[in-house]
>>> print(open('my_file_29.pdb').read())   # PDB, C-alpha atoms
ATOM      1  CA  MET N  20    -151.261  46.967  -1.355
ATOM      2  CA  ALA N  21    -151.492  44.581   1.577
ATOM      3  CA  LYS N  22    -152.543  41.061   0.841
ATOM      4  CA  ARG N  23    -155.547  39.501   2.473
ATOM      5  CA  PRO N  24    -155.035  37.063   5.375
ATOM      6  CA  ARG N  25    -156.455  34.248   3.274
ATOM      7  CA  ASP N  26    -153.715  34.738   0.680
ATOM      8  CA  GLN N  27    -151.137  34.555   3.456
ATOM      9  CA  ARG N  28    -152.642  31.323   4.788
ATOM     10  CA  THR N  29    -152.823  29.836   1.307
ATOM     11  CA  ARG N  30    -149.188  30.718   0.674
ATOM     12  CA  ALA N  31    -148.186  29.173   4.011
ATOM     13  CA  TYR N  32    -150.129  25.974   3.272
ATOM     14  CA  MET N  33    -148.587  25.684  -0.178
ATOM     15  CA  TRP N  34    -145.083  26.219   1.205
ATOM     16  CA  VAL N  35    -145.528  23.527   3.852
ATOM     17  CA  LEU N  36    -147.089  21.157   1.327
ATOM     18  CA  LEU N  37    -144.504  21.626  -1.383
ATOM     19  CA  VAL N  38    -141.350  21.962   0.691
ATOM     20  CA  VAL N  39    -141.788  19.932   3.838
ATOM     21  CA  LEU N  40    -144.250  17.219   2.852
ATOM     22  CA  VAL N  41    -142.623  16.536  -0.513
ATOM     23  CA  GLY N  42    -139.303  16.397   1.334
ATOM     24  CA  LEU N  43    -140.726  13.658   3.548
ATOM     25  CA  LEU N  44    -141.430  11.384   0.561
ATOM     26  CA  PRO N  45    -138.210   9.340   0.984
ATOM     27  CA  ILE N  46    -139.280   8.432   4.518
ATOM     28  CA  LEU N  47    -142.768   7.552   3.295
ATOM     29  CA  PHE N  48    -141.270   5.369   0.556
ATOM     30  CA  HIS N  49    -139.062   3.669   3.151
ATOM     31  CA  VAL N  50    -142.160   2.876   5.221
ATOM     32  CA  VAL N  51    -143.999   1.528   2.164
ATOM     33  CA  TYR N  52    -140.940  -0.534   1.193
ATOM     34  CA  ALA N  53    -140.700  -2.046   4.690
ATOM     35  CA  LEU N  54    -144.403  -2.882   4.714
ATOM     36  CA  ASP N  55    -144.233  -4.354   1.206
ATOM     37  CA  ARG N  56    -141.279  -6.582   2.095
ATOM     38  CA  GLY N  57    -142.860  -7.697   5.361
ATOM     39  CA  LYS N  58    -140.064  -6.194   7.420
ATOM     40  CA  PRO N  59    -140.811  -4.937  10.911
ATOM     41  CA  LEU N  60    -141.525  -1.226  10.839
ATOM     42  CA  ARG N  61    -139.759   0.724  13.557
ATOM     43  CA  LEU N  62    -140.323   4.406  12.963
ATOM     44  CA  THR N  63    -137.671   5.384  15.501
ATOM     45  CA  ALA N  64    -135.083   3.342  13.580
ATOM     46  CA  ILE N  65    -136.017   5.185  10.392
ATOM     47  CA  LEU N  66    -135.968   8.634  11.976
ATOM     48  CA  GLN N  67    -132.754   8.168  13.964
ATOM     49  CA  ARG N  68    -130.776   7.744  10.726
ATOM     50  CA  GLY N  69    -130.895  11.512  10.216
ATOM     51  CA  ASP N  70    -133.053  11.796   7.109
ATOM     52  CA  LEU N  71    -134.994  14.652   8.684
ATOM     53  CA  LEU N  72    -131.723  16.461   9.312
ATOM     54  CA  LEU N  73    -130.954  16.341   5.602
ATOM     55  CA  LEU N  74    -134.392  17.787   4.923
ATOM     56  CA  SER N  75    -133.739  20.515   7.518
ATOM     57  CA  THR N  76    -130.490  21.411   5.781
ATOM     58  CA  ALA N  77    -132.203  21.589   2.394
ATOM     59  CA  VAL N  78    -135.058  23.731   3.755
ATOM     60  CA  ALA N  79    -132.613  26.112   5.437
ATOM     61  CA  GLY N  80    -130.526  26.382   2.269
ATOM     62  CA  GLY N  81    -133.557  27.066   0.105
ATOM     63  CA  CYS N  82    -134.794  29.715   2.497
ATOM     64  CA  LEU N  83    -131.376  31.369   2.559
ATOM     65  CA  TYR N  84    -131.507  31.484  -1.225
ATOM     66  CA  ASP N  85    -134.937  33.144  -1.141
ATOM     67  CA  LEU N  86    -133.848  35.559   1.550
ATOM     68  CA  PHE N  87    -130.854  36.845  -0.400
ATOM     69  CA  ASN N  88    -132.329  36.757  -3.900
ATOM     70  CA  LYS N  89    -135.495  38.709  -3.219
ATOM     71  CA  PRO N  90    -135.509  42.345  -2.224
ATOM     72  CA  VAL N  91    -136.332  42.430   1.458
ATOM     73  CA  ALA N  92    -136.086  45.743   3.293
ATOM     74  CA  ASN N  93    -136.493  44.437   6.791
ATOM     75  CA  ASP N  94    -134.260  44.362   9.849
ATOM     76  CA  ARG N  95    -135.198  40.741  10.513
ATOM     77  CA  LYS N  96    -133.448  39.595   7.339
ATOM     78  CA  ASN N  97    -130.037  39.356   9.006
ATOM     79  CA  LEU N  98    -131.445  37.650  12.091
ATOM     80  CA  LEU N  99    -133.315  35.081  10.018
ATOM     81  CA  ALA N 100    -130.296  34.505   7.773
ATOM     82  CA  SER N 101    -128.096  33.927  10.812
ATOM     83  CA  MET N 102    -130.606  31.529  12.327
ATOM     84  CA  LEU N 103    -130.907  29.572   9.085
ATOM     85  CA  PHE N 104    -127.151  29.353   8.637
ATOM     86  CA  VAL N 105    -126.675  28.066  12.203
ATOM     87  CA  MET N 106    -129.552  25.595  11.772
ATOM     88  CA  ALA N 107    -128.116  24.273   8.499
ATOM     89  CA  ALA N 108    -124.666  23.880  10.059
ATOM     90  CA  MET N 109    -126.064  22.146  13.147
ATOM     91  CA  ALA N 110    -128.176  19.770  11.057
ATOM     92  CA  ALA N 111    -125.211  18.909   8.844
ATOM     93  CA  MET N 112    -122.942  18.265  11.830
ATOM     94  CA  TRP N 113    -125.578  16.186  13.618
ATOM     95  CA  PHE N 114    -126.219  14.130  10.475
ATOM     96  CA  THR N 115    -122.475  13.562  10.050
ATOM     97  CA  ASP N 116    -122.267  12.395  13.650
ATOM     98  CA  LEU N 117    -125.145   9.934  13.185
ATOM     99  CA  ALA N 118    -123.725   8.655   9.895
ATOM    100  CA  GLU N 119    -120.250   8.203  11.396
ATOM    101  CA  ALA N 120    -121.668   6.350  14.397
ATOM    102  CA  SER N 121    -123.602   4.068  12.083
ATOM    103  CA  THR N 122    -120.518   3.387   9.943
ATOM    104  CA  GLU N 123    -118.342   2.611  12.967
ATOM    105  CA  THR N 124    -120.880   0.144  14.320
ATOM    106  CA  VAL N 125    -121.291  -1.621  10.985
ATOM    107  CA  SER N 126    -117.534  -1.918  10.374
ATOM    108  CA  THR N 127    -116.943  -3.296  13.882
ATOM    109  CA  VAL N 128    -119.722  -5.848  13.520
ATOM    110  CA  THR N 129    -118.332  -7.076  10.187
ATOM    111  CA  ARG N 130    -114.837  -7.497  11.708
ATOM    112  CA  GLN N 131    -116.254  -9.805  14.354
ATOM    113  CA  ALA N 132    -115.594 -13.532  14.027
ATOM    114  CA  PRO N 133    -118.379 -15.093  11.936
ATOM    115  CA  PHE N 134    -119.513 -17.636  14.535
ATOM    116  CA  SER N 135    -118.536 -15.879  17.731
ATOM    117  CA  VAL N 136    -120.884 -15.776  20.660
ATOM    118  CA  PRO N 137    -121.181 -12.337  22.213
ATOM    119  CA  GLY N 138    -119.827 -12.215  25.737
ATOM    120  CA  THR N 139    -117.352 -15.079  25.405
ATOM    121  CA  PRO N 140    -113.680 -14.332  26.045
ATOM    122  CA  GLY N 141    -111.607 -13.562  22.975
ATOM    123  CA  THR N 142    -114.407 -12.183  20.826
ATOM    124  CA  GLU N 143    -114.786  -8.557  19.910
ATOM    125  CA  GLN N 144    -117.894  -6.757  21.023
ATOM    126  CA  PRO N 145    -119.264  -3.975  18.843
ATOM    127  CA  PRO N 146    -119.058  -0.645  20.634
ATOM    128  CA  SER N 147    -122.277   1.021  21.594
ATOM    129  CA  VAL N 148    -121.587   3.943  19.262
ATOM    130  CA  LEU N 149    -124.960   3.804  17.587
ATOM    131  CA  PRO N 150    -127.572   4.867  20.088
ATOM    132  CA  GLY N 151    -129.274   1.905  21.650
ATOM    133  CA  PRO N 152    -132.937   1.524  22.461
ATOM    134  CA  SER N 153    -132.705   4.033  25.294
ATOM    135  CA  ASN N 154    -131.471   6.846  23.032
ATOM    136  CA  SER N 155    -133.102   6.008  19.711
ATOM    137  CA  GLY N 156    -136.446   7.510  20.678
ATOM    138  CA  ARG N 157    -134.819  10.728  21.856
ATOM    139  CA  ILE N 158    -132.817  11.057  18.661
ATOM    140  CA  ALA N 159    -135.906  10.449  16.527
ATOM    141  CA  VAL N 160    -137.912  13.027  18.474
ATOM    142  CA  GLY N 161    -134.966  15.431  18.353
ATOM    143  CA  THR N 162    -134.798  15.245  14.565
ATOM    144  CA  ILE N 163    -138.550  15.832  14.328
ATOM    145  CA  VAL N 164    -138.315  18.866  16.610
ATOM    146  CA  PHE N 165    -135.320  20.191  14.675
ATOM    147  CA  LEU N 166    -137.215  19.881  11.379
ATOM    148  CA  GLY N 167    -140.192  21.647  12.971
ATOM    149  CA  LEU N 168    -138.011  24.547  14.103
ATOM    150  CA  THR N 169    -136.381  24.806  10.693
ATOM    151  CA  ALA N 170    -139.787  24.738   9.005
ATOM    152  CA  ALA N 171    -141.097  27.457  11.336
ATOM    153  CA  VAL N 172    -138.165  29.749  10.549
ATOM    154  CA  GLY N 173    -138.453  28.863   6.860
ATOM    155  CA  LEU N 174    -142.140  29.724   6.841
ATOM    156  CA  ARG N 175    -141.327  33.080   8.443
ATOM    157  CA  VAL N 176    -138.761  33.709   5.704
ATOM    158  CA  GLU N 177    -141.247  32.723   3.012
ATOM    159  CA  LEU N 178    -143.833  35.152   4.333
ATOM    160  CA  LEU N 179    -141.189  37.884   4.728
ATOM    161  CA  THR N 180    -139.861  37.509   1.197
ATOM    162  CA  SER N 181    -143.343  37.503  -0.268
ATOM    163  CA  GLY N 182    -144.045  40.870   1.311
ATOM    164  CA  GLU N 183    -146.833  39.521   3.499
ATOM    165  CA  GLU N 184    -145.082  40.191   6.786
ATOM    166  CA  GLY N 185    -144.094  43.579   8.027
TER     167      GLY N 185
END
>>> encode(input="my_file_29.pdb", output="structure tokens")
Amino acid sequence: MAKRPRDQRTRAYMWVLLVVLVGLLPILFHVVYALDRGKPLRLTAILQRGDLLLLSTAVAGGCLYDLFNKPVANDRKNLLASMLFVMAAMAAMWFTDLAEASTETVSTVTRQAPFSVPGTPGTEQPPSVLPGPSNSGRIAVGTIVFLGLTAAVGLRVELLTSGEEG
């Protein structure tokens, strides 16, 4: 018995609400924390840390679990599983790269002389490993787009495993 389109929409809305929006709570709490402490709120600085990449990895992993633990007799199962595996691996590698860049910048800054003036001879300058203002917006947008792609594939998997997609 085929399900009605409204049931399919309701299932899609619930999946997005429970998986993606609940996954965004740490970012929301970070925003609330910054506002509560009176710190300047730079959304690109929050998003370029890679939190959305962690969420993408979790969504892809959860969808892989659903895909292999529910009986799905569909040729798209292998394609979707391959896509999710590649997306999870890419998100994990990208997050590792961002975390490593952040760690290298912090350790170099702490090794600098405490009262050194940047640009004077004999002082160490921190490398521009962490993306500067010119790249931070692109990284933030890239992580948003990557999460959107992962969510779109995950939604397709959710509809496929529920038997609502042919």
>>> residues_around(input="my_file_29.pdb", residues="segment 89-104 of chain N", least_positions_apart="5", cutoff="7 Å", atoms="only C-alpha atoms", output="ChimeraX atom specification")
/N:79,83,180
>>> closest_residue(input="my_file_29.pdb", among="N:Leu47, N:Val160, N:Ala107, N:Leu40", to="Thr76 of chain N", atoms="all atoms listed in the file")
N:Ala107
>>> residues_around(input="my_file_29.pdb", residues="Phe165 of chain N", least_positions_apart="5", cutoff="12 Å", atoms="only C-alpha atoms", output="ChimeraX atom specification")
/N:66,69-76,78-79,103,105-107,109-111,113-114,157-160,170-172
>>> residues_near_point(input="my_file_29.pdb", point="(-139.8, -1.9, 12.8)", cutoff="12 Å", atoms="only C-alpha atoms", output="list of chain:residue names")
N:His49, N:Val50, N:Val51, N:Tyr52, N:Ala53, N:Leu54, N:Arg56, N:Gly57, N:Lys58, N:Pro59, N:Leu60, N:Arg61, N:Leu62, N:Thr63, N:Ala64, N:Ile65, N:Leu66
>>> write_last_selection(input="my_file_29.pdb", atoms="C-alpha atoms", output="JSON list (two decimals), in the coordinates of the input")
[["chain", "number", "residue", "atom", "x", "y", "z"],
["N", 49, "HIS", "CA", -139.06, 3.67, 3.15],
["N", 50, "VAL", "CA", -142.16, 2.88, 5.22],
["N", 51, "VAL", "CA", -144.00, 1.53, 2.16],
["N", 52, "TYR", "CA", -140.94, -0.53, 1.19],
["N", 53, "ALA", "CA", -140.70, -2.05, 4.69],
["N", 54, "LEU", "CA", -144.40, -2.88, 4.71],
["N", 56, "ARG", "CA", -141.28, -6.58, 2.10],
["N", 57, "GLY", "CA", -142.86, -7.70, 5.36],
["N", 58, "LYS", "CA", -140.06, -6.19, 7.42],
["N", 59, "PRO", "CA", -140.81, -4.94, 10.91],
["N", 60, "LEU", "CA", -141.52, -1.23, 10.84],
["N", 61, "ARG", "CA", -139.76, 0.72, 13.56],
["N", 62, "LEU", "CA", -140.32, 4.41, 12.96],
["N", 63, "THR", "CA", -137.67, 5.38, 15.50],
["N", 64, "ALA", "CA", -135.08, 3.34, 13.58],
["N", 65, "ILE", "CA", -136.02, 5.18, 10.39],
["N", 66, "LEU", "CA", -135.97, 8.63, 11.98]]
>>> atom_distance(input="my_file_29.pdb", atom1="atom CA of Val38 of chain N", atom2="atom CA of Ile163 of chain N")
15.2 Å
>>> atom_distance(input="my_file_29.pdb", atom1="atom CA of Arg175 of chain N", atom2="atom CA of Ala31 of chain N")
9.1 Å
>>> atom_distance(input="my_file_29.pdb", atom1="atom CA of Gly42 of chain N", atom2="atom CA of Ser155 of chain N")
22.0 Å
>>> closest_residue(input="my_file_29.pdb", among="N:Trp34, N:Gly80, N:Gln67, N:Phe48", to="Asn154 of chain N", atoms="all atoms listed in the file")
N:Gln67
>>> residues_around(input="my_file_29.pdb", residues="Cys82 of chain N", least_positions_apart="4", cutoff="7 Å", atoms="only C-alpha atoms", output="short mmCIF file (atom, residue, chain, number, x, y, z; two decimals) with C-alpha atoms, in the coordinates of the input")
data_model
loop_
_atom_site.label_atom_id
_atom_site.label_comp_id
_atom_site.auth_asym_id
_atom_site.auth_seq_id
_atom_site.Cartn_x
_atom_site.Cartn_y
_atom_site.Cartn_z
CA VAL N 78 -135.06 23.73 3.76
CA LEU N 86 -133.85 35.56 1.55
CA GLY N 173 -138.45 28.86 6.86
CA VAL N 176 -138.76 33.71 5.70
#
>>> axis_aligned_box(input="my_file_29.pdb", around="segment 47-56 of chain N", padding_each_side="5 Å", output="lines of an AutoDock Vina configuration file")
center_x = -141.7
center_y = 0.5
center_z = 2.9
size_x = 15.3
size_y = 24.1
size_z = 14.7
